[in-house]
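Beneath this line is the structure, given in structure tokens, with notes to follow.
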Amino acid sequence: MNALDLAGLDVFYRETQVTYGIDLAIAEGESFALVGESGSGKSTVLKAIAGLAPQWRGRIAVLGQERSHGIDRGFARRCQMVFQDPYGSLHPRKTVDATLSEPLAIHRIGDADRRVTQMLDAVGLDPRFRFRFPHQLSGGQRQRVAIARALMLEPKILLLDEPTSALDVSVQAEILNLLKRLRREQGLTYLLVTHNLPVVSFLCDRLAVMRGGRILEVADAGRLRAGTLEHSYSRDLLATSGSHALAPALETSLDAD
Amino acid sequence: MAALLEVENLRVTFPTPRGPVDVVRGISFSLGRERLGIVGESGSGKSMTGRSILKLVRPPGRVTADRLQFGTTDLLRVTERQMRTIRGARISMVMQDPKFSLNPVMTIGAQIAEALRTHQKLPRRTLRERVLAMLESVRISEPERVAALYPHEVSGGMGQRVMIAMMLIPEPEILIADEPTSALDVSVQAQVLDIIDDLVSRKGMGLILISHDLNLVAEYCDRILVMHGGQVVESCAARDLAKASHPYTRGLLAAMPRIDETREMLPVLDRGAWGQA
Amino acid sequence: MAFSRDWLLEDSPGSRLQARLGRLYRVLLALGRNPLAVIGAAIVLALILAALAAPLLATHSPTAQNLSARLTPPGGAYWMGTDELGRDIYSRVIYGAQITLAIVLLVAVIAAPVGLIVGAVAGYFGGWIDRILMGITDIFLSMPKLILALAFVAALGPGIENAIIAIAIATWPGYARIARAETLTFRNSEFIAAVELQGASPFRVIALHILPLCTSSMIIRVTLDMAGIILTAAGLGFIGLGAQPPLPEWGAMISRGRAFILDQWWVATMPGFAIIAVSLGFCFLGDGLRDVLDPKHGEKG
């Protein structure tokens, strides 16, 4: 059974069609990336899976179960989402504790105190942040809270919408490490949306390149690392990534350390 | 090479409920007819540095320096009125998001003309010619059509090019670009930076490129200053960035994932290591 | 240690209560830095004090008539003079504070929650729910408040209870509009999407997530509105449709003093000063609250 199955997914926003015939199969435990520029439709696919973009046709199956078009309580315990903007994804008037206890209260899961403290520990947040408000936290800390919140219901699948794009480089490294560790420890499946190819190399097993609402290429991350993507647009994306420009110089100097 | 700008011991202080905080702590540098990159993470003071050169730091923030010399003009001593003749005409600034810097109720052509008219009195026809010529130099292929559009009718990349046109049309000596491409797509970023690069070298201007993106700065600048906690921790030639010596810079370089990434975990900066608040 | 200043300003609170009280304390501190807000708060407190301690503060009974002392100028035994029936104006003003406070509080308590809920529901659901609710709101909004209140009081009959209901009916639509506008600003934000994704029902989202965000602007608007409510009540009283005699309602007092305004100015002007002072007090306080609670000012860390 696959973690996620998408077949012929056409998503619409008002009258406009945003994605065209998306087909994807993501295995359990896999880390998969959707890459593309803005307007490619990658975030829309994520929203449709989450139930936040209800106008679609085609097929979306999560852990073997087809899903409805809108929000679904049962679905909430199988699949959760981490949003891009750490400043916008936390309720400004709720403490960290309140934000993390909310999903438990909605699904009437007891033992909230223990679960919250455990989760803070799992995402590397000191307990003294527990009763702070979002504006008293840094961007990296807010993102940790967002990740903790997504994991409170113990979903098997995490949808991640550009989780580190709004963060500084040093903070991004910490969050990426955290995501990698959590996946390993909890056997999670990731569907990650990003325009940042090096993040894909670090965190993912496979990727799909999207443009104009269509998937152009699906490849192993290994091909990304080796720079051997097939589609010409994929190669263009690679070329404009830029970070490889520094890499060769960096190798030699690090060796010389 | 005569320095266009000389900065010595620049300090920017803001009062907070807990006492005054130095956002920029006594940095010094000079700028010639070259491309200088100032790199840092959020809170490093890089944007404040750019703003203090243009005296755009409003009270309650305070800017002090031993020297802030722009050619023959001592920026520490000029009045606000004199500063207004310098801003835009001799030192210009391009900021991050054209959505917020362009006037939404004026056409593009009108705004660029305004930028020129503020500093030079020119007959209308000459103005129009200069505006169209400028739009062409930022590689906008249909200048007449675009000049009649409003900012919300063009894409982000084109909006940013319009911004550049507006800021460069008075032919300033220095351009300060503060995260000029952060709000743009990767493919458009390269185009916009190429344009800035081209115009700057053609007119022999000085460029200060402020960014959080090390790669970008390494590619488009001659010299780099790395800022952290309000101080300059590293100053080197762009091509020598990979040989950077300061632990913060090396940490930053190592913490970035690479296309050919094979590490299991990314090395993380030890933030307490160099006396940062 | 508990409830001390350090405890309240603690950066890392140890409990929800501490976090909430800490926020409240910071708001009060910020408010205290604004001199006008402090003046406003003082006036409002004086109003409350006058209302609560009226029997202690008044020098005479507000309804006792003393025809031999009618229309006495201020001074001596009668601090603000007497009216045409020999009643002490100062005592009537003090007791009138009870009526004013009652009107203002009751109107706020009735109108604000109704407006808040209508606005939040309309903003959250959008679509035809929004259109129907806002249509109703617009019908009420299209009529001037005083006329509307007049119409209801005329229909219900004069008297202070009906005046309160009438003013409340005239006031809730404004709050609904504000609540709706607030709701729309964050309706599509990610933190609302996140809690919807967790399976929260619309009721829960509105009650626990949207309403708390509307409260700041509501508090500000209600406080600023209080001046208007007082004036509307005074207006009704002036026409004789509000509080009925012998209740010492300030507007009614001004009305009665009209006849003597040239020679015995104090009969109308004293309650007039009271209205002005209290209205200004609420305005200053509301302004100060807006400076402090407006997210663009205080809250950003």
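Chains: A, B, ... in order of the structure tokens. Residues: from 1 per chain. Ligands: from 1, in order shown.
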Exercise: Met48 (chain B) partners within 9 Å, only C-alpha atoms, chain neighbours under 6 positions left out, as a ChimeraX atom specification:
/B:12,23-24,56-57
Could you please take those selected residues and save N, CA and C atoms as a compact mmCIF listing (two decimals), in the first residue's frame?
# COMPACT_ATOMS: atom_id res chain seq x y z
N VAL B 12 24.87 52.09 14.97
CA VAL B 12 23.43 52.40 14.96
C VAL B 12 22.83 51.85 16.23
N VAL B 23 22.61 47.97 17.01
CA VAL B 23 22.31 47.06 15.91
C VAL B 23 23.50 46.96 14.97
N VAL B 24 24.22 48.06 14.84
CA VAL B 24 25.48 48.05 14.10
C VAL B 24 26.53 48.55 15.06
N LEU B 56 18.65 57.13 6.41
CA LEU B 56 17.24 56.75 6.41
C LEU B 56 16.83 56.12 7.72
N VAL B 57 17.69 56.19 8.72
CA VAL B 57 17.35 55.62 10.01
C VAL B 57 16.61 56.68 10.81
Just the strand (DSSP E or B) stuff from region 108-207 of chain B, please, per backbone DSSP, written as a compact mmCIF listing (two decimals) with N, CA and C atoms, in the first residue's frame.
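What follows is the written file part.txt:
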# COMPACT_ATOMS: atom_id res chain seq x y z
N ILE B 174 26.52 55.85 -6.57
CA ILE B 174 26.49 54.61 -5.81
C ILE B 174 25.08 54.03 -5.85
N LEU B 175 24.99 52.71 -6.02
CA LEU B 175 23.70 52.04 -5.90
C LEU B 175 23.78 51.07 -4.72
N ILE B 176 22.81 51.21 -3.82
CA ILE B 176 22.72 50.24 -2.72
C ILE B 176 21.53 49.34 -3.03
N ALA B 177 21.77 48.07 -3.14
CA ALA B 177 20.68 47.13 -3.44
C ALA B 177 20.48 46.23 -2.23
N ASP B 178 19.34 46.37 -1.56
CA ASP B 178 19.06 45.61 -0.34
C ASP B 178 18.15 44.44 -0.65
N GLY B 206 29.57 52.62 -8.07
CA GLY B 206 29.86 51.71 -6.98
C GLY B 206 28.59 50.98 -6.62
N LEU B 207 28.69 49.71 -6.25
CA LEU B 207 27.51 48.93 -5.89
C LEU B 207 27.71 48.32 -4.52
Give me the residues of region 200-233 of chain C that have any atom at most 12 Å from an atom of region 98-108 of chain C; for each, the nearest atom pair and the distance in Å, rounded to one decimal. Use only C-alpha atoms, sort by chain and number, and format it as a tab-separated table.
residue	atom	partner	partner_atom	distance
C:Met218	CA	C:Ala108	CA	10.3
C:Ile219	CA	C:Ala108	CA	9.8
C:Ile220	CA	C:Ala108	CA	11.9
C:Arg221	CA	C:Ala108	CA	10.4
C:Val222	CA	C:Ala108	CA	6.8
C:Thr223	CA	C:Ala108	CA	8.9
C:Leu224	CA	C:Ala108	CA	11.2
C:Asp225	CA	C:Ala108	CA	9.1
C:Met226	CA	C:Val104	CA	6.3
C:Ala227	CA	C:Val104	CA	8.8
C:Gly228	CA	C:Val104	CA	9.7
C:Ile229	CA	C:Val104	CA	6.6
C:Ile230	CA	C:Val104	CA	6.7
C:Leu231	CA	C:Thr100	CA	10.0
C:Thr232	CA	C:Ile103	CA	10.3
C:Ala233	CA	C:Ile103	CA	7.7
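For the pair CA of Gly157 (chain B) and CA of Ser234 (chain A), the separation is 20.7 Å.
Counting only C-alpha atoms and comparing B:Val105, B:Val268, B:Leu116, B:Ala89, the residue that lies closest to His152 (chain B) is B:Val105.
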Backbone-only DSSP, helix (DSSP H, G or I) members of region 4-252 of chain A, as a count of residues only:
105
6 Å contact set for region 250-261 of chain B, only C-alpha atoms, chain neighbours under 5 positions out, as a PyMOL selection string:
(chain A and resi 173+198+201-202+225) or (chain B and resi 266-267+269)
Take the selection from the previous step and output its residues with N, CA and C atoms, as a PDB file, in the first residue's frame.
ATOM      1  N   ALA A 173      19.588  24.877   8.556  1.00  0.00           N
ATOM      2  CA  ALA A 173      20.339  23.641   8.767  1.00  0.00           C
ATOM      3  C   ALA A 173      19.778  22.875   9.961  1.00  0.00           C
ATOM      4  N   PRO A 198      19.191  22.066  -3.390  1.00  0.00           N
ATOM      5  CA  PRO A 198      20.076  21.444  -2.411  1.00  0.00           C
ATOM      6  C   PRO A 198      19.327  20.848  -1.219  1.00  0.00           C
ATOM      7  N   SER A 201      18.339  17.480  -2.202  1.00  0.00           N
ATOM      8  CA  SER A 201      19.466  16.538  -2.151  1.00  0.00           C
ATOM      9  C   SER A 201      19.702  16.031  -0.750  1.00  0.00           C
ATOM     10  N   PHE A 202      19.488  16.914   0.218  1.00  0.00           N
ATOM     11  CA  PHE A 202      19.780  16.524   1.599  1.00  0.00           C
ATOM     12  C   PHE A 202      18.677  15.663   2.186  1.00  0.00           C
ATOM     13  N   ARG A 225      21.793  14.754  -7.485  1.00  0.00           N
ATOM     14  CA  ARG A 225      23.119  14.988  -6.918  1.00  0.00           C
ATOM     15  C   ARG A 225      24.205  14.892  -7.973  1.00  0.00           C
TER      16      ARG A 225
ATOM     17  N   LEU B 266      23.630  18.146   8.700  1.00  0.00           N
ATOM     18  CA  LEU B 266      24.325  19.387   8.362  1.00  0.00           C
ATOM     19  C   LEU B 266      24.991  19.953   9.617  1.00  0.00           C
ATOM     20  N   PRO B 267      26.208  20.448   9.473  1.00  0.00           N
ATOM     21  CA  PRO B 267      26.860  21.036  10.654  1.00  0.00           C
ATOM     22  C   PRO B 267      26.119  22.302  11.063  1.00  0.00           C
ATOM     23  N   LEU B 269      25.682  25.848  13.362  1.00  0.00           N
ATOM     24  CA  LEU B 269      26.486  26.910  13.971  1.00  0.00           C
ATOM     25  C   LEU B 269      26.327  26.903  15.484  1.00  0.00           C
TER      26      LEU B 269
END
Shell around Pro55 (chain C) at 12 Å using only C-alpha atoms, local window under 5 positions removed, as a PyMOL selection string
chain C and resi 49-50+60-62+91-92+94-98
Using only C-alpha atoms, find each residue in chain B having at least one atom no more than 12 Å away from chain C; report its shortest atom-to-atom pair and that distance in Å (one decimal), rows by chain then rising number, as CSV.
residue,atom,partner,partner_atom,distance
B:Thr16,CA,C:Gly301,CA,10.9
B:Pro17,CA,C:Ala30,CA,10.8
B:Arg18,CA,C:Leu9,CA,11.9
9 Å contact set for Pro173 (chain C), only C-alpha atoms, chain neighbours under 6 positions out, as a list in words
Ala111, Val114, Gly115, Val118, Gly119, Met134, Ile136, Thr137, Asp138, Ile139, Phe140 and Leu141 of chain C
With 6 Å as the cut-off and only C-alpha atoms counted, what is the closest atom pair between each nearby residue of chain A and chain C? Distances in Å to one decimal, ordered by chain and number, as CSV.
residue,atom,partner,partner_atom,distance
A:Arg73,CA,C:Gly199,CA,4.4
A:Ala76,CA,C:Gln198,CA,5.2
A:Gly88,CA,C:Glu190,CA,5.8
A:Ser89,CA,C:Phe191,CA,4.2
A:Leu90,CA,C:Phe191,CA,5.0
A:His91,CA,C:Phe191,CA,5.5
A:Pro103,CA,C:Gln198,CA,5.9
A:Arg128,CA,C:Ser12,CA,5.3
A:Phe129,CA,C:Ser12,CA,5.9
A:Phe131,CA,C:Pro13,CA,5.4
A:His135,CA,C:Gly301,CA,5.0
A:Gln136,CA,C:Gly301,CA,5.5
Using only C-alpha atoms, which of A:Arg214, A:Arg181, A:Arg132, A:Arg235 sits nearest Lys42 (chain A)?
A:Arg214
Need to verify the contact set: region 266-275 of chain C, 10 Å, only C-alpha atoms, exclusion of same-chain residues closer than 6 positions in sequence. Can you return it as a ChimeraX atom specification?
/C:47,71-74,80-84,88-90,92-94,96-97,100,227,230-231,234,248-260,281
Spatial neighbours of Ala133 (chain B), 12 Å, only C-alpha atoms, chain gap at least 5 places, as a PyMOL selection string
chain B and resi 109+112-113+126-128+138-144+147+165-166+168-169
